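*Asks:* The structure follows.
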Amino acid sequence: MARIERHDDVAAFYGRVSPFLLQNEAVHCVQLGFRATLEADPHAYGDADPLLLAAVDSDQVVGVAIRTPPFDLLLSLMDGATAAAIADELSGHALPGVTAPTVAGEAFLARWPGSGSVLLEERLFELTEVIPPRPASGHLRWYEDGDRDVVLDWLAAFFAEALPEEHVDAERVLARRRDSPGDFGIWDDGGPVSFAAFGSPTPNGMRIGPVYTPPELRGRGYASALTAAVSKHVLDSGRSFCFLGTDLANPTSNSIYQRIGYRPIADVTRWRVA
């Protein structure tokens with residue numbers, strides 16, 4: 001049975017768990033992407049202290065759990081026994097939700113004293129080479145101060161569409177992305193028509209998303225062209241990989257990204273926890 005280490009120091013925690021997380025860098029892109037932000041400010045995501053857990057067996061890390069309140073608990077890849085040990089460690093804690101590779105999350109919830117209901121089923125994708133999409137009218141440019149209002153509106157619309165049960169602060173999302181490595185790509189066709197954020201760098205990759213095109217402008221190839229262009233920019237900057245996640249209930253986005261070179265690597269589920 002794994003024992004659970006609790007860490008208070010962000011740098012020491014990542015020094016301990018990063019070799020494990022890097023064994024499956026794309027799957028763990030979110031946890032790894034937190035590192036620079038949390039080392040600079042442990043309260044970047046909220047006022048409460050982050051929860052940093054390492055599951056260890058024979059002094060080897062076999063699982064990682066991270067929570068940046070008020071957000072979900074994030075689990076790494078791990079076996080069922082390790083997920084159960086983390087659930088036991090956190091018994092009595094109030095959790096709003098759990099996001100995890102599906103098998104690990106199911107094992108966690110089987111041990112959790114409350115119940116869980118599925119909010120979102122996602123698929124993680126990895127890209128190492130861009131396949132050019134069909135041409136779309138317009139061009140890539142980077143976020144400018146004059147884009148602030150439209151990007152805030154689109155961020156709010158994205159989260160309302162993708163995560164309708166959550167109340168995500170678009171202002172905070174924009175500020176965090178602008179203050180960390182990464183940016184927003186804008187597809188401009190006589191004005192902004194789509195955006196794609198990128199950031200949360202890992203040692204060898206960078207995460208793409210969210211990507212959003214208003215409903216009335218969809219079907220014109222904007223999102224494909226923009227995501228391909230931003231992904232190429234990330235690779236050209238020296239990264240080996242790009243990562244992104246899609247809603248399994250949205251077959252359009254899943255097919256779009258695969259056509260430009262993204263390949264599925266793992267399924268991740270988000271649960272609301274009671």
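By convention here, the chains of the structure tokens are called A, B, ... in the order presented, each chain's residues are numbered starting at 1, and ligands are numbered starting at 1 in the order presented.
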Need the shell around Val173 in chain A: protein/DNA/RNA residues with any atom at most 12 Å away, counting only C-alpha atoms. Skip same-chain ones fewer than 5 positions apart. Format as a list in words?

*Replies:*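 Listing them by chain and then by number gives Ala44, Tyr45, Gly46, Arg148, Val151, Leu152, Asp153, Trp154, Leu155, Ala156, Phe158, Phe159, His167, Val168, Arg178, Asp179, Ser180, Asp183, Phe184, Ala197, Phe198, Gly199, Gly209 and Pro210 of chain A.
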
*Asks:* Rank A:Leu127, A:Val64, A:Ala157, A:Ile256 by their smallest atom-to-atom distance to Lys232 in chain A, using only C-alpha atoms, and report the top residue only.

*Replies:*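 Of the candidates, the smallest distance to Lys232 in chain A is held by A:Leu127.
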
*Asks:* Give me every alpha helix (DSSP H) residue in range 7-93 of chain A, going by DSSP on the backbone, as a PyMOL selection string.

*Replies:* chain A and resi 10-21+29-40+80-90

*Asks:* Could those residues be written to a file, using C-alpha atoms, as an mmCIF file, in the first residue's frame?

*Replies:*
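Generated file (out33.cif):
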```cif
data_model
loop_
_atom_site.group_PDB
_atom_site.id
_atom_site.type_symbol
_atom_site.label_atom_id
_atom_site.label_comp_id
_atom_site.auth_asym_id
_atom_site.auth_seq_id
_atom_site.Cartn_x
_atom_site.Cartn_y
_atom_site.Cartn_z
ATOM 1 C CA VAL A 10 5.890 23.861 -4.135
ATOM 2 C CA ALA A 11 9.473 23.617 -5.402
ATOM 3 C CA ALA A 12 10.294 20.661 -3.157
ATOM 4 C CA PHE A 13 7.054 18.928 -4.186
ATOM 5 C CA TYR A 14 7.758 19.238 -7.887
ATOM 6 C CA GLY A 15 11.326 18.172 -7.361
ATOM 7 C CA ARG A 16 9.913 15.005 -5.830
ATOM 8 C CA VAL A 17 7.138 14.213 -8.330
ATOM 9 C CA SER A 18 8.319 15.599 -11.669
ATOM 10 C CA PRO A 19 10.323 12.508 -12.721
ATOM 11 C CA PHE A 20 7.157 10.436 -12.271
ATOM 12 C CA LEU A 21 4.927 12.928 -14.083
ATOM 13 C CA CYS A 29 0.418 18.290 -18.906
ATOM 14 C CA VAL A 30 -1.980 20.106 -16.572
ATOM 15 C CA GLN A 31 -0.150 19.116 -13.365
ATOM 16 C CA LEU A 32 3.229 19.908 -14.911
ATOM 17 C CA GLY A 33 1.888 23.139 -16.357
ATOM 18 C CA PHE A 34 0.988 24.380 -12.877
ATOM 19 C CA ARG A 35 4.601 24.311 -11.765
ATOM 20 C CA ALA A 36 5.903 27.686 -12.916
ATOM 21 C CA THR A 37 2.730 29.484 -11.844
ATOM 22 C CA LEU A 38 2.590 27.893 -8.369
ATOM 23 C CA GLU A 39 6.308 28.366 -7.739
ATOM 24 C CA ALA A 40 5.906 32.070 -8.516
ATOM 25 C CA GLY A 80 -6.483 1.443 -8.182
ATOM 26 C CA ALA A 81 -4.816 0.749 -4.840
ATOM 27 C CA THR A 82 -2.943 4.056 -4.967
ATOM 28 C CA ALA A 83 -6.120 5.961 -5.853
ATOM 29 C CA ALA A 84 -7.853 4.297 -2.896
ATOM 30 C CA ALA A 85 -5.007 5.329 -0.577
ATOM 31 C CA ILE A 86 -5.365 8.958 -1.674
ATOM 32 C CA ALA A 87 -9.140 8.776 -1.122
ATOM 33 C CA ASP A 88 -8.510 7.484 2.403
ATOM 34 C CA GLU A 89 -6.018 10.304 3.046
ATOM 35 C CA LEU A 90 -8.560 12.924 1.986
#
```

*Asks:* Please list as a list of chain:residue names every residue within 10 Å of Pro133 in chain A, counting only C-alpha atoms and excluding residues in the same chain fewer than 3 positions away.

*Replies:*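 Near Pro133 in chain A, the qualifying residues are A:Val130, A:Ala136, A:Gly221, A:Ser224, A:Ala225, A:Leu226, A:Thr227, A:Ala228, A:Ala229, A:Ile256, A:Tyr257, A:Arg259, A:Ile260, A:Gly261.
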
*Asks:* Could you write out that same residue set with N, CA and C atoms as a CSV table (one decimal), in the first residue's frame?

*Replies:*
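Saved as again-v3.csv:
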```
chain,number,residue,atom,x,y,z
A,130,VAL,N,2.4,19.3,-37.4
A,130,VAL,CA,1.2,19.9,-37.9
A,130,VAL,C,0.9,19.4,-39.3
A,136,ALA,N,-8.2,28.8,-44.9
A,136,ALA,CA,-9.4,29.6,-44.5
A,136,ALA,C,-9.1,31.1,-44.7
A,221,GLY,N,-13.8,27.0,-41.1
A,221,GLY,CA,-12.4,26.6,-41.0
A,221,GLY,C,-11.6,27.4,-40.2
A,224,SER,N,-9.8,25.4,-37.2
A,224,SER,CA,-8.8,24.5,-37.7
A,224,SER,C,-7.5,25.3,-38.0
A,225,ALA,N,-7.7,26.4,-38.8
A,225,ALA,CA,-6.6,27.2,-39.3
A,225,ALA,C,-5.9,27.8,-38.1
A,226,LEU,N,-6.6,28.3,-37.1
A,226,LEU,CA,-6.0,29.0,-36.0
A,226,LEU,C,-5.3,28.0,-35.1
A,227,THR,N,-5.9,26.8,-34.8
A,227,THR,CA,-5.2,25.8,-33.9
A,227,THR,C,-4.0,25.3,-34.6
A,228,ALA,N,-4.0,25.1,-35.9
A,228,ALA,CA,-2.8,24.6,-36.6
A,228,ALA,C,-1.7,25.7,-36.6
A,229,ALA,N,-2.1,26.9,-36.8
A,229,ALA,CA,-1.1,28.0,-36.8
A,229,ALA,C,-0.5,28.2,-35.4
A,256,ILE,N,-11.8,17.6,-36.0
A,256,ILE,CA,-11.0,18.8,-36.5
A,256,ILE,C,-9.5,18.6,-36.0
A,257,TYR,N,-9.3,18.4,-34.7
A,257,TYR,CA,-7.9,18.3,-34.2
A,257,TYR,C,-7.2,17.1,-34.8
A,259,ARG,N,-7.5,15.9,-37.7
A,259,ARG,CA,-7.1,16.2,-39.1
A,259,ARG,C,-5.9,17.1,-39.2
A,260,ILE,N,-5.6,17.8,-38.2
A,260,ILE,CA,-4.4,18.7,-38.2
A,260,ILE,C,-3.2,18.0,-37.5
A,261,GLY,N,-3.3,16.8,-37.1
A,261,GLY,CA,-2.2,16.1,-36.5
A,261,GLY,C,-2.2,15.6,-35.1
```

*Asks:* Out of A:Glu25, A:His7, A:Tyr222, A:Gly92, which residue has the shortest atom-to-atom distance to Leu52 in chain A when counting only C-alpha atoms?

*Replies:* A:His7

*Asks:* Any chance you could list, as a ChimeraX atom specification, the residues in range 19-241 of chain A that come up strand (DSSP E or B) when DSSP is run on the backbone?

*Replies:* /A:51-57,60-67,73-75,97-101,116-127,139-142,182-188,192-199,205-212,241

*Asks:* Output C-alpha atoms for every residue in the selection just made, as a compact mmCIF listing (two decimals), in the first residue's frame.

*Replies:*
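Once written, result.txt looks like this:
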```txt
# COMPACT_ATOMS: atom_id res chain seq x y z
CA LEU A 51 -2.99 20.64 -1.72
CA LEU A 52 0.11 18.75 -2.87
CA LEU A 53 0.20 14.97 -2.36
CA ALA A 54 2.69 12.34 -3.50
CA ALA A 55 1.86 8.64 -3.19
CA VAL A 56 5.06 6.71 -2.52
CA ASP A 57 5.85 2.99 -2.53
CA GLN A 60 9.24 5.63 -5.52
CA VAL A 61 6.45 8.04 -6.49
CA VAL A 62 3.52 6.02 -7.85
CA GLY A 63 0.82 8.70 -7.94
CA VAL A 64 0.28 12.45 -7.59
CA ALA A 65 -2.72 14.49 -6.45
CA ILE A 66 -2.90 18.27 -6.71
CA ARG A 67 -5.65 20.69 -5.79
CA LEU A 73 -8.65 17.61 -7.20
CA LEU A 74 -6.42 16.44 -10.07
CA LEU A 75 -5.12 12.88 -10.07
CA GLY A 97 -14.90 17.54 -7.84
CA VAL A 98 -12.25 15.19 -9.15
CA THR A 99 -10.54 15.25 -12.55
CA ALA A 100 -8.51 12.17 -13.39
CA PRO A 101 -7.56 9.59 -15.97
CA GLY A 116 -19.72 11.21 -7.71
CA SER A 117 -21.54 12.19 -10.89
CA VAL A 118 -19.91 12.65 -14.29
CA LEU A 119 -19.67 16.27 -15.45
CA LEU A 120 -17.44 15.91 -18.50
CA GLU A 121 -15.67 13.15 -20.38
CA GLU A 122 -12.58 14.37 -22.22
CA ARG A 123 -9.94 12.96 -24.50
CA LEU A 124 -6.35 14.20 -24.33
CA PHE A 125 -4.46 14.62 -27.59
CA GLU A 126 -0.80 15.12 -28.46
CA LEU A 127 0.71 16.66 -31.58
CA HIS A 139 -4.79 35.23 -40.84
CA LEU A 140 -3.20 34.61 -37.45
CA ARG A 141 -2.22 37.50 -35.22
CA TRP A 142 -1.53 37.80 -31.51
CA GLY A 182 1.87 31.72 -23.47
CA ASP A 183 -0.65 34.01 -25.11
CA PHE A 184 -3.84 34.17 -27.19
CA GLY A 185 -3.79 33.64 -30.92
CA ILE A 186 -6.50 35.54 -32.78
CA TRP A 187 -7.78 34.54 -36.21
CA ASP A 188 -8.61 37.80 -37.96
CA PRO A 192 -11.51 38.79 -34.71
CA VAL A 193 -13.43 35.61 -35.58
CA SER A 194 -11.81 32.97 -33.33
CA PHE A 195 -9.27 32.66 -30.54
CA ALA A 196 -6.97 29.95 -29.22
CA ALA A 197 -5.08 30.26 -25.96
CA PHE A 198 -1.80 28.48 -25.35
CA GLY A 199 0.42 28.23 -22.30
CA GLY A 205 5.46 20.81 -24.48
CA MET A 206 2.72 23.38 -24.17
CA ARG A 207 -1.03 23.14 -23.80
CA ILE A 208 -3.42 24.59 -26.38
CA GLY A 209 -6.82 25.80 -25.23
CA PRO A 210 -9.39 26.99 -24.80
CA VAL A 211 -10.27 27.38 -28.48
CA TYR A 212 -13.48 29.23 -29.33
CA PHE A 241 4.80 18.56 -28.32
```

*Asks:* Report the distance between CA of Ala223 in chain A and CA of Gly138 in chain A in Å, rounded to one decimal place.

*Replies:*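 Calculated distance between CA of Ala223 in chain A and CA of Gly138 in chain A is 11.4 Å.
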
*Asks:* For CA of Met1 in chain A and CA of Val103 in chain A, determine how far apart the two atoms are, in Å to one decimal place.

*Replies:* 17.9 Å

*Asks:* Neighbours of Ala48 in chain A within 9 Å (only C-alpha atoms; same-chain residues fewer than 3 positions away dropped), as a PyMOL selection string?

*Replies:* chain A and resi 42-43+45+68-70

*Asks:* Please compute the CA of Asn204 in chain A-CA of Asp236 in chain A distance, one decimal, in Å.

*Replies:*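 Going from CA of Asn204 in chain A over to CA of Asp236 in chain A covers 12.4 Å.
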